[in-house]
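Data block for protein.pdb (PDB, C-alpha atoms, pLDDT in the B column):
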```pdb
ATOM      1  CA  LEU A1111       0.000   0.000   0.000  1.00 74.00           C
ATOM      2  CA  TYR A1112       2.787   2.413   0.849  1.00 79.00           C
ATOM      3  CA  SER A1113       4.683   1.842  -2.403  1.00 80.00           C
ATOM      4  CA  GLU A1114       1.488   2.098  -4.460  1.00 80.00           C
ATOM      5  CA  GLU A1115       0.714   5.418  -2.805  1.00 80.00           C
ATOM      6  CA  ILE A1116       4.185   6.693  -3.752  1.00 80.00           C
ATOM      7  CA  GLU A1117       3.633   5.554  -7.341  1.00 81.00           C
ATOM      8  CA  HIS A1118       0.404   7.583  -7.555  1.00 81.00           C
ATOM      9  CA  ILE A1119       1.827  10.922  -6.412  1.00 81.00           C
ATOM     10  CA  ASP A1120       1.754  14.002  -8.625  1.00 83.00           C
ATOM     11  CA  PRO A1121       4.894  13.813 -10.821  1.00 82.00           C
ATOM     12  CA  GLY A1122       5.014  17.609 -11.248  1.00 85.00           C
ATOM     13  CA  PRO A1123       6.892  18.427  -8.004  1.00 83.00           C
ATOM     14  CA  VAL A1124       9.262  15.505  -8.618  1.00 81.00           C
ATOM     15  CA  GLU A1125      10.125  16.799 -12.096  1.00 84.00           C
ATOM     16  CA  ALA A1126      10.535  20.352 -10.812  1.00 87.00           C
ATOM     17  CA  ILE A1127      12.889  19.365  -7.988  1.00 84.00           C
ATOM     18  CA  THR A1128      14.842  17.058 -10.305  1.00 83.00           C
ATOM     19  CA  ALA A1129      15.265  19.882 -12.836  1.00 87.00           C
ATOM     20  CA  THR A1130      17.090  21.929 -10.205  1.00 85.00           C
ATOM     21  CA  GLY A1131      19.789  19.260 -10.010  1.00 85.00           C
ATOM     22  CA  ALA A1132      18.616  17.678  -6.766  1.00 81.00           C
ATOM     23  CA  ASN A1133      19.693  14.141  -5.941  1.00 82.00           C
ATOM     24  CA  LEU A1134      17.351  11.265  -5.106  1.00 78.00           C
ATOM     25  CA  PHE A1135      17.245  11.953  -1.379  1.00 82.00           C
ATOM     26  CA  GLN A1136      16.463  15.635  -1.908  1.00 83.00           C
ATOM     27  CA  VAL A1137      13.693  14.703  -4.343  1.00 81.00           C
ATOM     28  CA  MET A1138      12.169  12.361  -1.788  1.00 81.00           C
ATOM     29  CA  ARG A1139      12.510  14.946   0.988  1.00 83.00           C
ATOM     30  CA  TYR A1140      10.970  17.937  -0.804  1.00 84.00           C
ATOM     31  CA  ALA A1141       8.762  16.418  -3.543  1.00 83.00           C
ATOM     32  CA  VAL A1142       7.633  12.980  -2.371  1.00 83.00           C
ATOM     33  CA  VAL A1143       7.333  13.071   1.426  1.00 82.00           C
ATOM     34  CA  PRO A1144       4.994  16.121   1.604  1.00 82.00           C
ATOM     35  CA  GLN A1145       2.565  14.345  -0.740  1.00 81.00           C
ATOM     36  CA  ILE A1146       2.517  10.972   1.022  1.00 82.00           C
ATOM     37  CA  ILE A1147       2.333  12.000   4.694  1.00 81.00           C
ATOM     38  CA  PRO A1148      -1.513  12.148   4.856  1.00 80.00           C
ATOM     39  CA  SER A1149      -2.042   8.829   3.090  1.00 80.00           C
ATOM     40  CA  PHE A1150       0.759   7.125   5.048  1.00 82.00           C
ATOM     41  CA  LEU A1151      -0.782   8.244   8.336  1.00 81.00           C
ATOM     42  CA  ALA A1152      -4.202   7.038   7.168  1.00 80.00           C
ATOM     43  CA  TYR A1153      -2.848   3.609   6.177  1.00 81.00           C
ATOM     44  CA  THR A1154      -0.976   3.328   9.485  1.00 83.00           C
ATOM     45  CA  LEU A1155      -4.158   4.053  11.423  1.00 80.00           C
ATOM     46  CA  LEU A1156      -6.005   1.502   9.325  1.00 81.00           C
ATOM     47  CA  ARG A1157      -3.272  -1.044  10.082  1.00 83.00           C
ATOM     48  CA  TRP A1158      -3.586  -0.272  13.786  1.00 81.00           C
ATOM     49  CA  ASP A1159      -7.322  -0.871  13.535  1.00 79.00           C
ATOM     50  CA  ILE A1160      -6.692  -4.241  11.876  1.00 83.00           C
ATOM     51  CA  ASN A1161      -3.956  -5.154  14.350  1.00 82.00           C
ATOM     52  CA  MET A1162      -6.350  -4.576  17.240  1.00 80.00           C
ATOM     53  CA  ARG A1163      -8.535  -7.366  15.888  1.00 79.00           C
ATOM     54  CA  SER A1164      -5.501  -9.556  15.215  1.00 80.00           C
ATOM     55  CA  ALA A1165      -4.125  -8.976  18.712  1.00 78.00           C
ATOM     56  CA  THR A1166      -7.329 -10.289  20.247  1.00 76.00           C
ATOM     57  CA  ILE A1167      -6.925 -13.517  18.271  1.00 76.00           C
ATOM     58  CA  VAL A1168      -3.287 -13.914  19.321  1.00 75.00           C
ATOM     59  CA  GLY A1169      -4.484 -14.622  22.859  1.00 70.00           C
ATOM     60  CA  PHE A1170      -6.138 -17.829  21.702  1.00 71.00           C
ATOM     61  CA  VAL A1171      -2.694 -19.272  20.952  1.00 71.00           C
ATOM     62  CA  ALA A1172      -1.246 -18.251  24.334  1.00 64.00           C
ATOM     63  CA  GLY A1173       0.025 -14.894  23.115  1.00 65.00           C
ATOM     64  CA  GLY A1174      -1.332 -13.032  26.125  1.00 70.00           C
ATOM     65  CA  GLY A1175      -3.951 -10.339  26.164  1.00 73.00           C
ATOM     66  CA  ILE A1176      -7.684 -10.377  26.610  1.00 76.00           C
ATOM     67  CA  CYS A1177      -8.404 -13.524  24.609  1.00 74.00           C
ATOM     68  CA  TYR A1178      -6.059 -15.573  26.775  1.00 74.00           C
ATOM     69  CA  PHE A1179      -8.296 -14.574  29.678  1.00 77.00           C
ATOM     70  CA  VAL A1180     -11.318 -15.566  27.574  1.00 76.00           C
ATOM     71  CA  VAL A1181      -9.839 -19.020  26.951  1.00 76.00           C
ATOM     72  CA  GLU A1182      -9.175 -19.472  30.659  1.00 77.00           C
ATOM     73  CA  THR A1183     -12.741 -18.506  31.592  1.00 76.00           C
ATOM     74  CA  ILE A1184     -14.135 -20.975  29.047  1.00 74.00           C
ATOM     75  CA  ARG A1185     -11.991 -23.757  30.480  1.00 77.00           C
ATOM     76  CA  MET A1186     -13.253 -22.969  33.990  1.00 77.00           C
ATOM     77  CA  ALA A1187     -16.869 -22.654  32.740  1.00 71.00           C
ATOM     78  CA  ALA A1188     -16.978 -19.118  34.181  1.00 72.00           C
ATOM     79  CA  TYR A1189     -19.346 -17.869  31.508  1.00 69.00           C
ATOM     80  CA  SER A1190     -20.252 -14.660  33.331  1.00 72.00           C
ATOM     81  CA  ASP A1191     -16.543 -13.686  33.380  1.00 75.00           C
ATOM     82  CA  TYR A1192     -16.298 -14.740  29.742  1.00 74.00           C
ATOM     83  CA  ALA A1193     -19.260 -12.514  28.876  1.00 76.00           C
ATOM     84  CA  ALA A1194     -17.690  -9.546  30.660  1.00 77.00           C
ATOM     85  CA  ALA A1195     -14.466  -9.982  28.711  1.00 76.00           C
ATOM     86  CA  LEU A1196     -16.305 -10.426  25.425  1.00 77.00           C
ATOM     87  CA  TRP A1197     -18.411  -7.310  25.905  1.00 78.00           C
ATOM     88  CA  ALA A1198     -15.287  -5.353  26.869  1.00 79.00           C
ATOM     89  CA  VAL A1199     -13.529  -6.540  23.696  1.00 79.00           C
ATOM     90  CA  ALA A1200     -16.535  -5.497  21.593  1.00 80.00           C
ATOM     91  CA  VAL A1201     -16.624  -2.018  23.171  1.00 82.00           C
ATOM     92  CA  VAL A1202     -12.881  -1.480  22.695  1.00 80.00           C
ATOM     93  CA  ILE A1203     -12.939  -2.675  19.064  1.00 80.00           C
ATOM     94  CA  ILE A1204     -15.884  -0.391  18.267  1.00 83.00           C
ATOM     95  CA  ALA A1205     -14.146   2.551  19.961  1.00 82.00           C
ATOM     96  CA  VAL A1206     -10.865   1.926  18.134  1.00 78.00           C
ATOM     97  CA  ASP A1207     -12.712   1.604  14.824  1.00 78.00           C
ATOM     98  CA  ALA A1208     -14.558   4.878  15.413  1.00 82.00           C
ATOM     99  CA  ILE A1209     -11.408   6.761  16.484  1.00 80.00           C
ATOM    100  CA  SER A1210      -9.361   5.376  13.597  1.00 76.00           C
ATOM    101  CA  GLY A1211     -12.076   6.184  11.078  1.00 76.00           C
ATOM    102  CA  TYR A1212     -12.459   9.740  12.413  1.00 78.00           C
ATOM    103  CA  TRP A1213      -8.725  10.391  12.308  1.00 77.00           C
ATOM    104  CA  ARG A1214      -8.407   8.957   8.802  1.00 72.00           C
ATOM    105  CA  GLN A1215     -11.245  11.160   7.616  1.00 77.00           C
ATOM    106  CA  ARG A1216      -9.662  14.251   9.163  1.00 75.00           C
ATOM    107  CA  ILE A1217      -6.241  13.420   7.711  1.00 69.00           C
ATOM    108  CA  LEU A1218      -7.536  12.818   4.172  1.00 65.00           C
ATOM    109  CA  SER A1219     -10.091  15.657   4.184  1.00 69.00           C
ATOM    110  CA  ASP A1220      -7.635  18.110   2.590  1.00 60.00           C
ATOM    111  CA  GLU A1221      -6.318  15.636   0.028  1.00 54.00           C
ATOM    112  CA  PRO A1222      -7.483  16.309  -3.557  1.00 52.00           C
ATOM    113  CA  PRO A1223      -9.824  13.676  -4.987  1.00 53.00           C
ATOM    114  CA  LYS A1224      -8.229  11.096  -7.224  1.00 51.00           C
ATOM    115  CA  ASP A1225      -9.387  10.558 -10.765  1.00 48.00           C
ATOM    116  CA  GLU A1226     -11.112   7.207 -10.943  1.00 47.00           C
ATOM    117  CA  ASP A1227     -13.130   5.743 -13.769  1.00 49.00           C
ATOM    118  CA  THR A1228     -16.370   4.644 -12.116  1.00 45.00           C
ATOM    119  CA  ARG A1229     -17.986   3.395 -15.285  1.00 50.00           C
ATOM    120  CA  ARG A1230     -18.711  -0.310 -15.430  1.00 54.00           C
ATOM    121  CA  SER A1231     -18.646  -1.994 -18.794  1.00 62.00           C
ATOM    122  CA  GLY A1232     -21.073  -4.657 -19.953  1.00 69.00           C
ATOM    123  CA  TRP A1233     -18.345  -7.281 -19.704  1.00 74.00           C
ATOM    124  CA  TYR A1234     -17.814  -6.411 -16.038  1.00 75.00           C
ATOM    125  CA  ARG A1235     -21.507  -6.965 -15.270  1.00 80.00           C
ATOM    126  CA  LEU A1236     -21.483 -10.215 -17.261  1.00 83.00           C
ATOM    127  CA  TRP A1237     -18.505 -11.629 -15.357  1.00 82.00           C
ATOM    128  CA  ALA A1238     -20.023 -10.505 -12.059  1.00 83.00           C
ATOM    129  CA  ALA A1239     -23.208 -12.424 -12.894  1.00 86.00           C
ATOM    130  CA  VAL A1240     -21.174 -15.499 -13.850  1.00 87.00           C
ATOM    131  CA  TYR A1241     -19.291 -15.398 -10.542  1.00 88.00           C
ATOM    132  CA  VAL A1242     -22.547 -15.055  -8.598  1.00 90.00           C
ATOM    133  CA  ILE A1243     -24.073 -18.034 -10.386  1.00 92.00           C
ATOM    134  CA  LEU A1244     -20.956 -20.152  -9.830  1.00 91.00           C
ATOM    135  CA  GLY A1245     -20.908 -19.164  -6.168  1.00 88.00           C
ATOM    136  CA  LEU A1246     -24.542 -20.176  -5.732  1.00 89.00           C
ATOM    137  CA  ASP A1247     -23.869 -23.496  -7.461  1.00 89.00           C
ATOM    138  CA  VAL A1248     -20.906 -24.236  -5.185  1.00 88.00           C
ATOM    139  CA  PHE A1249     -22.985 -23.305  -2.135  1.00 85.00           C
ATOM    140  CA  ALA A1250     -25.847 -25.585  -3.187  1.00 86.00           C
ATOM    141  CA  TYR A1251     -23.429 -28.453  -3.882  1.00 83.00           C
ATOM    142  CA  CYS A1252     -21.733 -28.072  -0.485  1.00 81.00           C
ATOM    143  CA  TRP A1253     -25.142 -27.916   1.201  1.00 80.00           C
ATOM    144  CA  HIS A1254     -26.141 -31.144  -0.508  1.00 81.00           C
ATOM    145  CA  ILE A1255     -22.878 -32.905   0.377  1.00 82.00           C
ATOM    146  CA  ALA A1256     -23.003 -31.787   4.028  1.00 75.00           C
ATOM    147  CA  LYS A1257     -26.666 -32.868   4.354  1.00 76.00           C
ATOM    148  CA  ILE A1258     -27.522 -29.995   6.667  1.00 72.00           C
ATOM    149  CA  ASP A1259     -30.856 -30.341   8.468  1.00 72.00           C
ATOM    150  CA  LEU A1260     -32.194 -26.928   9.464  1.00 69.00           C
ATOM    151  CA  ARG A1261     -34.466 -28.424  12.122  1.00 73.00           C
ATOM    152  CA  GLN A1262     -31.527 -30.030  13.909  1.00 69.00           C
ATOM    153  CA  LEU A1263     -29.391 -26.952  13.349  1.00 64.00           C
ATOM    154  CA  PHE A1264     -31.786 -24.668  15.234  1.00 64.00           C
ATOM    155  CA  GLU A1265     -32.830 -27.195  17.859  1.00 68.00           C
ATOM    156  CA  PRO A1266     -31.373 -25.871  21.152  1.00 63.00           C
ATOM    157  CA  ALA A1267     -29.123 -28.016  23.308  1.00 63.00           C
ATOM    158  CA  PRO A1268     -30.256 -28.822  26.867  1.00 65.00           C
ATOM    159  CA  THR A1269     -27.921 -26.179  28.337  1.00 65.00           C
ATOM    160  CA  PHE A1270     -28.557 -23.534  25.676  1.00 66.00           C
ATOM    161  CA  ILE A1271     -30.859 -21.393  27.822  1.00 68.00           C
ATOM    162  CA  ARG A1272     -28.444 -21.482  30.753  1.00 68.00           C
ATOM    163  CA  LEU A1273     -25.548 -20.448  28.510  1.00 66.00           C
ATOM    164  CA  ILE A1274     -27.559 -17.516  27.157  1.00 69.00           C
ATOM    165  CA  ARG A1275     -28.490 -16.439  30.690  1.00 70.00           C
ATOM    166  CA  ASP A1276     -24.862 -16.616  31.844  1.00 64.00           C
ATOM    167  CA  PHE A1277     -23.799 -14.659  28.800  1.00 65.00           C
ATOM    168  CA  VAL A1278     -26.280 -11.850  29.444  1.00 67.00           C
ATOM    169  CA  GLU A1279     -25.733 -11.719  33.212  1.00 67.00           C
ATOM    170  CA  PHE A1280     -22.041 -10.828  32.990  1.00 65.00           C
ATOM    171  CA  ASP A1281     -19.833 -10.279  36.010  1.00 65.00           C
ATOM    172  CA  PHE A1282     -18.362  -6.803  36.412  1.00 68.00           C
ATOM    173  CA  SER A1283     -17.087  -7.163  39.938  1.00 73.00           C
ATOM    174  CA  SER A1284     -13.917  -5.303  40.891  1.00 76.00           C
ATOM    175  CA  THR A1285     -11.764  -8.444  40.647  1.00 77.00           C
ATOM    176  CA  VAL A1286     -12.951  -9.382  37.170  1.00 75.00           C
ATOM    177  CA  LEU A1287     -12.943  -5.774  35.991  1.00 77.00           C
ATOM    178  CA  ASN A1288      -9.318  -5.255  37.040  1.00 82.00           C
ATOM    179  CA  VAL A1289      -8.224  -8.378  35.175  1.00 79.00           C
ATOM    180  CA  VAL A1290     -10.211  -7.427  32.063  1.00 79.00           C
ATOM    181  CA  ILE A1291      -8.776  -3.891  31.979  1.00 81.00           C
ATOM    182  CA  ARG A1292      -5.220  -5.167  32.452  1.00 82.00           C
ATOM    183  CA  GLU A1293      -5.561  -7.732  29.665  1.00 80.00           C
ATOM    184  CA  LEU A1294      -7.205  -5.182  27.375  1.00 80.00           C
ATOM    185  CA  LEU A1295      -4.294  -2.795  27.885  1.00 82.00           C
ATOM    186  CA  ILE A1296      -1.910  -5.617  26.994  1.00 81.00           C
ATOM    187  CA  THR A1297      -3.885  -6.243  23.803  1.00 81.00           C
ATOM    188  CA  VAL A1298      -3.884  -2.539  22.867  1.00 81.00           C
ATOM    189  CA  PHE A1299      -0.114  -2.271  23.364  1.00 83.00           C
ATOM    190  CA  GLN A1300       0.432  -5.445  21.338  1.00 81.00           C
ATOM    191  CA  ALA A1301      -1.420  -3.807  18.444  1.00 82.00           C
ATOM    192  CA  LEU A1302       0.540  -0.554  18.855  1.00 84.00           C
ATOM    193  CA  LEU A1303       3.884  -2.368  18.903  1.00 85.00           C
ATOM    194  CA  ALA A1304       2.968  -4.443  15.844  1.00 84.00           C
ATOM    195  CA  THR A1305       1.829  -1.316  13.963  1.00 85.00           C
ATOM    196  CA  THR A1306       4.945   0.669  14.896  1.00 86.00           C
ATOM    197  CA  PHE A1307       7.334  -2.138  14.021  1.00 86.00           C
ATOM    198  CA  GLY A1308       5.535  -2.836  10.739  1.00 84.00           C
ATOM    199  CA  ALA A1309       5.608   0.841   9.733  1.00 83.00           C
ATOM    200  CA  VAL A1310       9.306   1.224  10.593  1.00 85.00           C
ATOM    201  CA  VAL A1311      10.148  -1.793   8.440  1.00 85.00           C
ATOM    202  CA  ALA A1312       7.713  -1.160   5.580  1.00 82.00           C
ATOM    203  CA  ILE A1313       8.210   2.559   4.936  1.00 81.00           C
ATOM    204  CA  PRO A1314      11.891   2.382   3.829  1.00 81.00           C
ATOM    205  CA  PHE A1315      11.155  -0.584   1.566  1.00 82.00           C
ATOM    206  CA  SER A1316       8.163   1.229   0.056  1.00 81.00           C
ATOM    207  CA  PHE A1317      10.521   3.846  -1.419  1.00 78.00           C
ATOM    208  CA  LEU A1318      12.666   1.103  -2.912  1.00 78.00           C
ATOM    209  CA  ALA A1319       9.604  -0.681  -4.362  1.00 77.00           C
ATOM    210  CA  ALA A1320       8.129   2.453  -5.961  1.00 74.00           C
ATOM    211  CA  LYS A1321       8.761   2.218  -9.694  1.00 73.00           C
ATOM    212  CA  ASN A1322       8.574   5.978 -10.276  1.00 64.00           C
ATOM    213  CA  LEU A1323      11.552   6.546  -7.926  1.00 64.00           C
ATOM    214  CA  THR A1324      13.808   3.593  -8.636  1.00 62.00           C
ATOM    215  CA  GLY A1325      12.855   2.956 -12.243  1.00 58.00           C
TER
END
```

Go through the file and emit its structure as structure tokens.
Amino acid sequence: LYSEEIEHIDPGPVEAITATGANLFQVMRYAVVPQIIPSFLAYTLLRWDINMRSATIVGFVAGGGICYFVVETIRMAAYSDYAAALWAVAVVIIAVDAISGYWRQRILSDEPPKDEDTRRSGWYRLWAAVYVILGLDVFAYCWHIAKIDLRQLFEPAPTFIRLIRDFVEFDFSSTVLNVVIRELLITVFQALLATTFGAVVAIPFSFLAAKNLTG
């Protein structure tokens, strides 16, 4: 994404700076970097948003964080604690998504709109219809092979009602709340570290991968 954004910058400033006899590093400093800062920040925030979801999954494989606590509560059949953790994860993910989306919108609000051809040809619609038909055929075939019975699928298990009640009546006592907050902070910092490390590694290579800079 970073290298593609560099490839789609306005070539005018690059040509103007190059015409003055500037070297490659000066061209990147004065012609490329000012154009890519908003989009780079937006992509980094988007990556942080994605890493928040990934960090919650890491806990399922003993990576620490909130989902490790979720696994432990499931093993102990402490479904009220599990529900508290799950609701906390949902609230944090929604909040991070809203904050990231707001920041991205503010960052890109001053960026000029890009020229995109929104017209769809007849061939595009034809291939889309073919893919939809093939997808429906594959779905029907898999349904037939699996022999799914909807009556058995929606028939509740003997403990279904109790599980739903435990899930709704979550435990937000001080002990559980302290553990949930601590594990959530671990998950947030895991996502921040992954985003920072990924950006530090990816940004230098994006300049090398951009065809309009390296040829």

Output check: residues returned by the PyMOL selection byres ((chain A and resi 1289-1294) around 10), as a PyMOL selection string
chain A and resi 1165-1166+1169+1174-1180+1191-1192+1194-1196+1198-1199+1202+1282+1284-1288+1295-1300

Per-axis box centre and lengths in Å around range 1150-1156 of chain A, 5 Å margin per side, axis-aligned, as lines of an AutoDock Vina configuration file:
```
center_x = -2.6
center_y = 4.9
center_z = 8.2
size_x = 16.8
size_y = 16.7
size_z = 16.4
```

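Considering all atoms listed in the file, the residue among A:Ala1320, A:Ala1256, A:Ile1313, A:Leu1246 positioned nearest to Phe1150 in chain A is A:Ile1313.
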
Quick check, in Å to one decimal: how far apart do CA of Ala1126 in chain A and CA of Arg1139 in chain A lie?
13.1 Å

Running the PyMOL selection byres ((chain A and resi 1154) around 12) on this model by hand, what would come out? Give it as an NGL selection string.
:A and (1111-1112 or 1146-1153 or 1155-1161 or 1210-1211 or 1213-1214 or 1217 or 1301-1302 or 1304-1310 or 1312-1313)

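From CA of Asp1207 in chain A back to CA of Pro1314 in chain A, the distance works out to 27.0 Å.
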
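Computed from the coordinates, the CA of Ser1113 in chain A to CA of Arg1216 in chain A distance equals 22.2 Å.
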
Show me, as a PyMOL selection string, the residues that have an atom within 12 Å of Phe1317 in chain A when counting all atoms listed in the file, minus same-chain residues fewer than 5 positions from it.
chain A and resi 1111-1117+1134-1135+1137-1139+1142-1143+1146+1311-1312+1322-1325
